[in-house]
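*Asks:* Before anything else, here's the structure in question.
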Amino acid sequence: MTALSPTFPWAKDAKDDYRACPVTTLKVDMHTERLIIANAVMAVVCLTLGGIAALLIALTRWQAIHLLDATWFYRLLTLHGIDMLVAWIVFFEMAGLHFGSTVLLNARHAAPKLAWLGFILMTVGGLMANFVVLFDTSSIVTFTAYVPMKAHPLFYLSYILFAVGALIAVITFFVNIVVAKREARFEGSMPLVVFGLMTAAILATYTLLQGAAAIVPAFFWSLGLMDLDPGIYRNFFWGFGHPAQQVNLAAMVAIWYALAQMTVGIRPLNEKFSRLAFILYLFFINLGSAHHLLVDPGLSFGWKAVNTSYAMYLAVLGSMMHAFSIPAAMEVALRAKGFRKGLFGWLRNGPWNEPGFGALVTSMILFGWVGGVTGVTIGTEQINMLAHNTLRLPGHFHATVVGGTTTAFMGFTYYVIPLIFRKELKLKKWAVWQPYVFGFGTLLVSLGMITSGLQGVSRRNWDISFAGVVPGTVDLTLAIFGIGALIAVTGGIMYITVVLTSILTGPRLEASNMLLVAGTNNPLLESTQLTDHQLEDKQNQPRGTLVLVFAFLVWFAVYYLTNWWLLGRTWFIR
Amino acid sequence: MLAPERTWWKPMGRLEKTWLTVALVWCIFLTIMMPLWYFMGKQNVPTETYRTTPQQYAATVNDFVAKYQVGEENGIPIVAAPPGSDVYLRASAWQWYPILQLEKGKQYRLHVSSMDFAHGFSLQPVNINLEVLPGYDYVATITPTTTGEFTIVCNEYCFLGHHTMVGKIIVE
Ligand code: HEM
Ligand SMILES: [Cu+2]
Ligand SMILES: [Cu+2]
């Protein structure tokens, strides 16, 4: 441990206090370790609160059960949106940023005090939002809080505190990277996973500033200090809300690369290709705010078409590139291990009993095949007329942000427990099954919502029987959704049980292994031994993946074109 | 996850190039579909919008109802304006006003605006969905292609009575 010359004033008293991880050979800064633990714990707490709400509102929307009364339904709907989309995901991402900017670079946390300040602000903001929504009826405005529906000023203040806290935490990410670079803690380019996380952090900075532009005026408006136009609020709100989903996307893809490296030992086939895909996110995704305004008054076709397509769908292109490069790298790594039979022999021989692998595959399938395809379709200017504010919307994003992001984050947690919490993972069997249970439930939730929405069932609606218009098949599709919700909630309970049992019981234990279930080797370190020769070997080429991505494209085209056909059958409108 | 070797700037492989090209072509197709439909399709998102105020819009709706009312249902007037004319719909918590009566195959200029919160115009089971905001007079030029009684559901959350906000359009 050598003393370091301070690079930043607030880093003056920072000691180089770290331990060496026996599994990854990386240095783990002790500040980082504590920050990750704190953020991860808050994330799981929020997931639990949001999950309880999920169960109750799902059992209400399942029309045959119709559990809650209207006010409680809307109240818990508001809480669910906040605790899940905002709190769970962002707390977890902050843990990821602290991890990526220090551990993966062999570096120290250069601004731990600032990071703790961010954490505290986020925690206060999150708790405050929960209290306001629970105890003040006027604040049951859903997490979007469209003006001029006026919540209590504390509601907006809680958002501001949370966002400022997150912004501070994101800033420490950049500080850490700059310091690590100056102190020469790593050589050459930063690892791909950190590169992906940096994409997320840059997007998050932009997003949070845009969020301020929406929420700060709303705060003053709620105090009666200024006027606020509902159309403009929506524009600013989604200028924040949509890119925020791209932060989740970039973070999730970074976690995908990490999981693929940890469980099958991939080496990205072409770093340039993968990095280019992240850069496409950075440049083109910010235009996505229009997605939510496609059928709003006052906006021109040109503005909407350019903005919804992120300028020629170049961000979609980025996702399609990752959709190839990750499975392809997995295929090559597995083929190099000798699983070369046929097109899919490698896939059959994947470590299906390893939680991180199960989570990775589940997450990629749900995100791409369900979330991505439905998202691009309903985000098409004209098709949005069929989908706006119907259950197709939550159907889409429960595939992306739940089936995709949440499943990936859950899978990653299982490795954080031994490596960072330094506790043995308990209930390993549960951990193996958990991604599949959660993923299958989420799949049914999504499909049930999407098919109900296709029949016109609206989102955020306590009782659709008033509408009296929807055909009888709605009962069926809502039942599929309801059963899926029960299964997904079971998967969520499994996750929380595994996490709590592991961290609350048993002594502290240094990890000895990367893989939790599937053996004693260490794919992460093996990945550095994949030679160029192995990557280029004819036998190892990712032919199976190419077949998979083409099948994906066919499904994409069928779904997309079917929607145009549906649109063509409705009333003429201009 | 671990740092890459120094030179990772390598040409892409054959399979990567194939997929990149195909994906790019698909993205271009997705882009072209929107303007193509804009010029050729019969269902496009309305863009015509005027600034208004709740008071001003309410007055217009009242004039419209007084001029063309043909009946009443549960205290809400049924209004039938001649084809080709402007018809007005008012959204407020938690009511659609009035009930519009239209003719199949005829074109109307349908105005919608809100008196208070954001509301959602969701015509079922036709399944056309538009956002309704206070201060904006949103004009949709529509031609009903089916007959019957259609429900207007509010599908933008407009506070606790949101789900009770149900209206009607009749097409003959
Ligand atoms: C256990 C699994 C889950 C179930 C059963 C579930 C169920 C539901 C239901 C029933 C709704 C209300 C739909 C409506 O009436 O419009 C909803 C909304 C929503 N859910 Fe979930 N959910 C789950 C997990 C999640 C997770 C993990 C996230 C975020 C990461 C999430 C994010 C959201 C959001 C943002 C909304 C929209 C809230 C609103 O419209 O204001 N959900 N969910
Ligand atoms: Cu309404
Ligand atoms: Cu409503």
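Ordering of the structure tokens sets the chain letters (A, B, ...), residue numbers begin anew at 1 in every chain, and ligands are numbered from 1 in the order given.
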Find the residues near ligand 1. Use a cut-off of 8 Å, count only C-alpha atoms and all ligand atoms, and write them as a PyMOL selection string.
*Replies:* chain A and resi 47+50-51+54-61+77-78+80-86+88-89+142-144+390-391+394+397-398+401-403+405-406+438+441-442+445+458-462+482+484-492
*Asks:* Within 6 Å of chain B, which residues of chain A show up when using only C-alpha atoms, listed as a count of residues only?
*Replies:* 28
*Asks:* Between CA of Ser85 (chain B) and CA of Ala66 (chain B), measure the distance and give it in Å to one decimal.
*Replies:* 15.1 Å
*Asks:* Report as a PyMOL selection string all protein, DNA and RNA residues lying within 7 Å of region 329-340 of chain A, evaluated on only C-alpha atoms, omitting residues in the same chain fewer than 3 positions from it.
*Replies:* chain A and resi 260+264-269+325-326+345-346+349+534-535+540-542
*Asks:* Rounded to one decimal, what separation in Å do you get between CA of Val147 (chain A) and CA of Ala93 (chain B)?
*Replies:*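 So the two atoms, CA of Val147 (chain A) and CA of Ala93 (chain B), lie 14.2 Å apart.
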*Asks:* Write out as number ranges by chain the set of residues from region 2-149 of chain B that DSSP, computed on the backbone, places in strand (DSSP E or B).
*Replies:* B: 43, 49-51, 69-73, 76-79, 86-92, 95-97, 99-102, 108-114, 119-124, 128-132, 134, 136-143, 148-149
*Asks:* Run DSSP on the backbone and grab whatever in region 25-141 of chain B lands in alpha helix (DSSP H); send it over as a PyMOL selection string.
*Replies:* chain B and resi 25-40+54-68
*Asks:* So that I can see what lies close to Thr374 (chain A), please list as a ChimeraX atom specification the residues with an atom at most 12 Å from it, counting only C-alpha atoms and leaving out residues fewer than 4 positions away in the same chain.
*Replies:* /A:366-370,378-380,383-384,387,392-400,446-447,449-451,453-454,555-563
*Asks:* Could you save those same residues with N, CA and C atoms as a short mmCIF file (atom, residue, chain, number, x, y, z; two decimals), in the first residue's frame?
*Replies:*
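In the end it all went to result-v6.cif:
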data_model
loop_
_atom_site.label_atom_id
_atom_site.label_comp_id
_atom_site.auth_asym_id
_atom_site.auth_seq_id
_atom_site.Cartn_x
_atom_site.Cartn_y
_atom_site.Cartn_z
N LEU A 366 -36.24 -12.24 -23.43
CA LEU A 366 -37.39 -11.39 -23.14
C LEU A 366 -37.17 -9.97 -23.65
N PHE A 367 -35.96 -9.48 -23.43
CA PHE A 367 -35.71 -8.11 -23.86
C PHE A 367 -35.83 -7.97 -25.37
N GLY A 368 -35.18 -8.87 -26.09
CA GLY A 368 -35.15 -8.73 -27.54
C GLY A 368 -36.44 -9.17 -28.22
N TRP A 369 -36.77 -10.42 -27.99
CA TRP A 369 -37.88 -11.01 -28.75
C TRP A 369 -39.22 -10.41 -28.37
N VAL A 370 -39.41 -10.05 -27.12
CA VAL A 370 -40.69 -9.46 -26.74
C VAL A 370 -40.57 -7.94 -26.62
N ILE A 378 -44.78 -0.24 -31.42
CA ILE A 378 -45.69 0.79 -30.89
C ILE A 378 -45.05 2.17 -30.91
N GLY A 379 -43.74 2.23 -31.08
CA GLY A 379 -43.08 3.52 -31.19
C GLY A 379 -43.10 4.07 -32.60
N THR A 380 -43.78 3.39 -33.50
CA THR A 380 -43.93 3.89 -34.87
C THR A 380 -45.07 4.90 -34.89
N ILE A 383 -48.67 3.74 -35.92
CA ILE A 383 -49.14 2.55 -35.19
C ILE A 383 -49.44 2.89 -33.73
N ASN A 384 -48.75 3.90 -33.22
CA ASN A 384 -48.98 4.30 -31.84
C ASN A 384 -50.44 4.64 -31.57
N ALA A 387 -52.11 1.91 -29.98
CA ALA A 387 -51.52 1.37 -28.75
C ALA A 387 -51.43 2.36 -27.60
N ARG A 392 -50.98 -2.46 -23.97
CA ARG A 392 -49.80 -2.85 -24.75
C ARG A 392 -48.55 -2.12 -24.25
N LEU A 393 -48.75 -0.94 -23.69
CA LEU A 393 -47.59 -0.17 -23.21
C LEU A 393 -46.90 -0.86 -22.05
N PRO A 394 -47.63 -1.07 -20.93
CA PRO A 394 -46.97 -1.82 -19.86
C PRO A 394 -46.56 -3.23 -20.30
N GLY A 395 -47.29 -3.80 -21.27
CA GLY A 395 -46.89 -5.12 -21.79
C GLY A 395 -45.50 -5.05 -22.39
N HIS A 396 -45.25 -3.99 -23.14
CA HIS A 396 -43.92 -3.79 -23.73
C HIS A 396 -42.87 -3.61 -22.64
N PHE A 397 -43.12 -2.68 -21.71
CA PHE A 397 -41.99 -2.39 -20.82
C PHE A 397 -41.84 -3.38 -19.68
N HIS A 398 -42.84 -4.22 -19.45
CA HIS A 398 -42.55 -5.31 -18.51
C HIS A 398 -41.64 -6.35 -19.16
N ALA A 399 -41.63 -6.40 -20.48
CA ALA A 399 -40.64 -7.28 -21.13
C ALA A 399 -39.24 -6.66 -21.09
N THR A 400 -39.16 -5.34 -21.27
CA THR A 400 -37.83 -4.73 -21.30
C THR A 400 -37.26 -4.57 -19.89
N SER A 446 -46.39 -10.06 -19.74
CA SER A 446 -46.25 -9.24 -20.93
C SER A 446 -47.23 -9.65 -22.02
N LEU A 447 -47.27 -10.95 -22.30
CA LEU A 447 -48.15 -11.39 -23.38
C LEU A 447 -49.60 -11.12 -23.02
N MET A 449 -50.77 -8.75 -21.10
CA MET A 449 -51.02 -7.31 -21.23
C MET A 449 -51.11 -6.91 -22.70
N ILE A 450 -50.17 -7.41 -23.51
CA ILE A 450 -50.14 -7.00 -24.91
C ILE A 450 -51.40 -7.45 -25.64
N THR A 451 -51.81 -8.70 -25.41
CA THR A 451 -53.00 -9.18 -26.12
C THR A 451 -54.26 -8.49 -25.61
N GLY A 453 -54.27 -5.36 -24.51
CA GLY A 453 -54.17 -4.03 -25.09
C GLY A 453 -54.57 -4.01 -26.55
N LEU A 454 -54.23 -5.08 -27.26
CA LEU A 454 -54.62 -5.17 -28.67
C LEU A 454 -56.14 -5.13 -28.82
N TRP A 555 -39.38 -12.80 -37.21
CA TRP A 555 -40.44 -12.56 -36.22
C TRP A 555 -40.72 -11.07 -36.08
N PHE A 556 -39.66 -10.28 -36.04
CA PHE A 556 -39.77 -8.83 -35.96
C PHE A 556 -40.61 -8.32 -37.14
N ALA A 557 -40.26 -8.76 -38.33
CA ALA A 557 -40.95 -8.28 -39.53
C ALA A 557 -42.42 -8.70 -39.52
N VAL A 558 -42.69 -9.92 -39.10
CA VAL A 558 -44.08 -10.40 -39.08
C VAL A 558 -44.91 -9.54 -38.12
N TYR A 559 -44.39 -9.33 -36.92
CA TYR A 559 -45.14 -8.56 -35.93
C TYR A 559 -45.36 -7.13 -36.40
N TYR A 560 -44.28 -6.55 -36.91
CA TYR A 560 -44.33 -5.15 -37.34
C TYR A 560 -45.34 -4.97 -38.47
N LEU A 561 -45.27 -5.83 -39.48
CA LEU A 561 -46.15 -5.66 -40.63
C LEU A 561 -47.60 -5.98 -40.28
N THR A 562 -47.81 -6.94 -39.38
CA THR A 562 -49.17 -7.23 -38.94
C THR A 562 -49.82 -5.99 -38.34
N ASN A 563 -49.04 -5.21 -37.63
CA ASN A 563 -49.59 -4.01 -37.02
C ASN A 563 -50.00 -2.96 -38.05
#
*Asks:* So how many Å separate CA of Asn522 (chain A) and CA of Glu187 (chain A), to one decimal?
*Replies:*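 About the pair CA of Asn522 (chain A) and CA of Glu187 (chain A): they are 22.8 Å apart.
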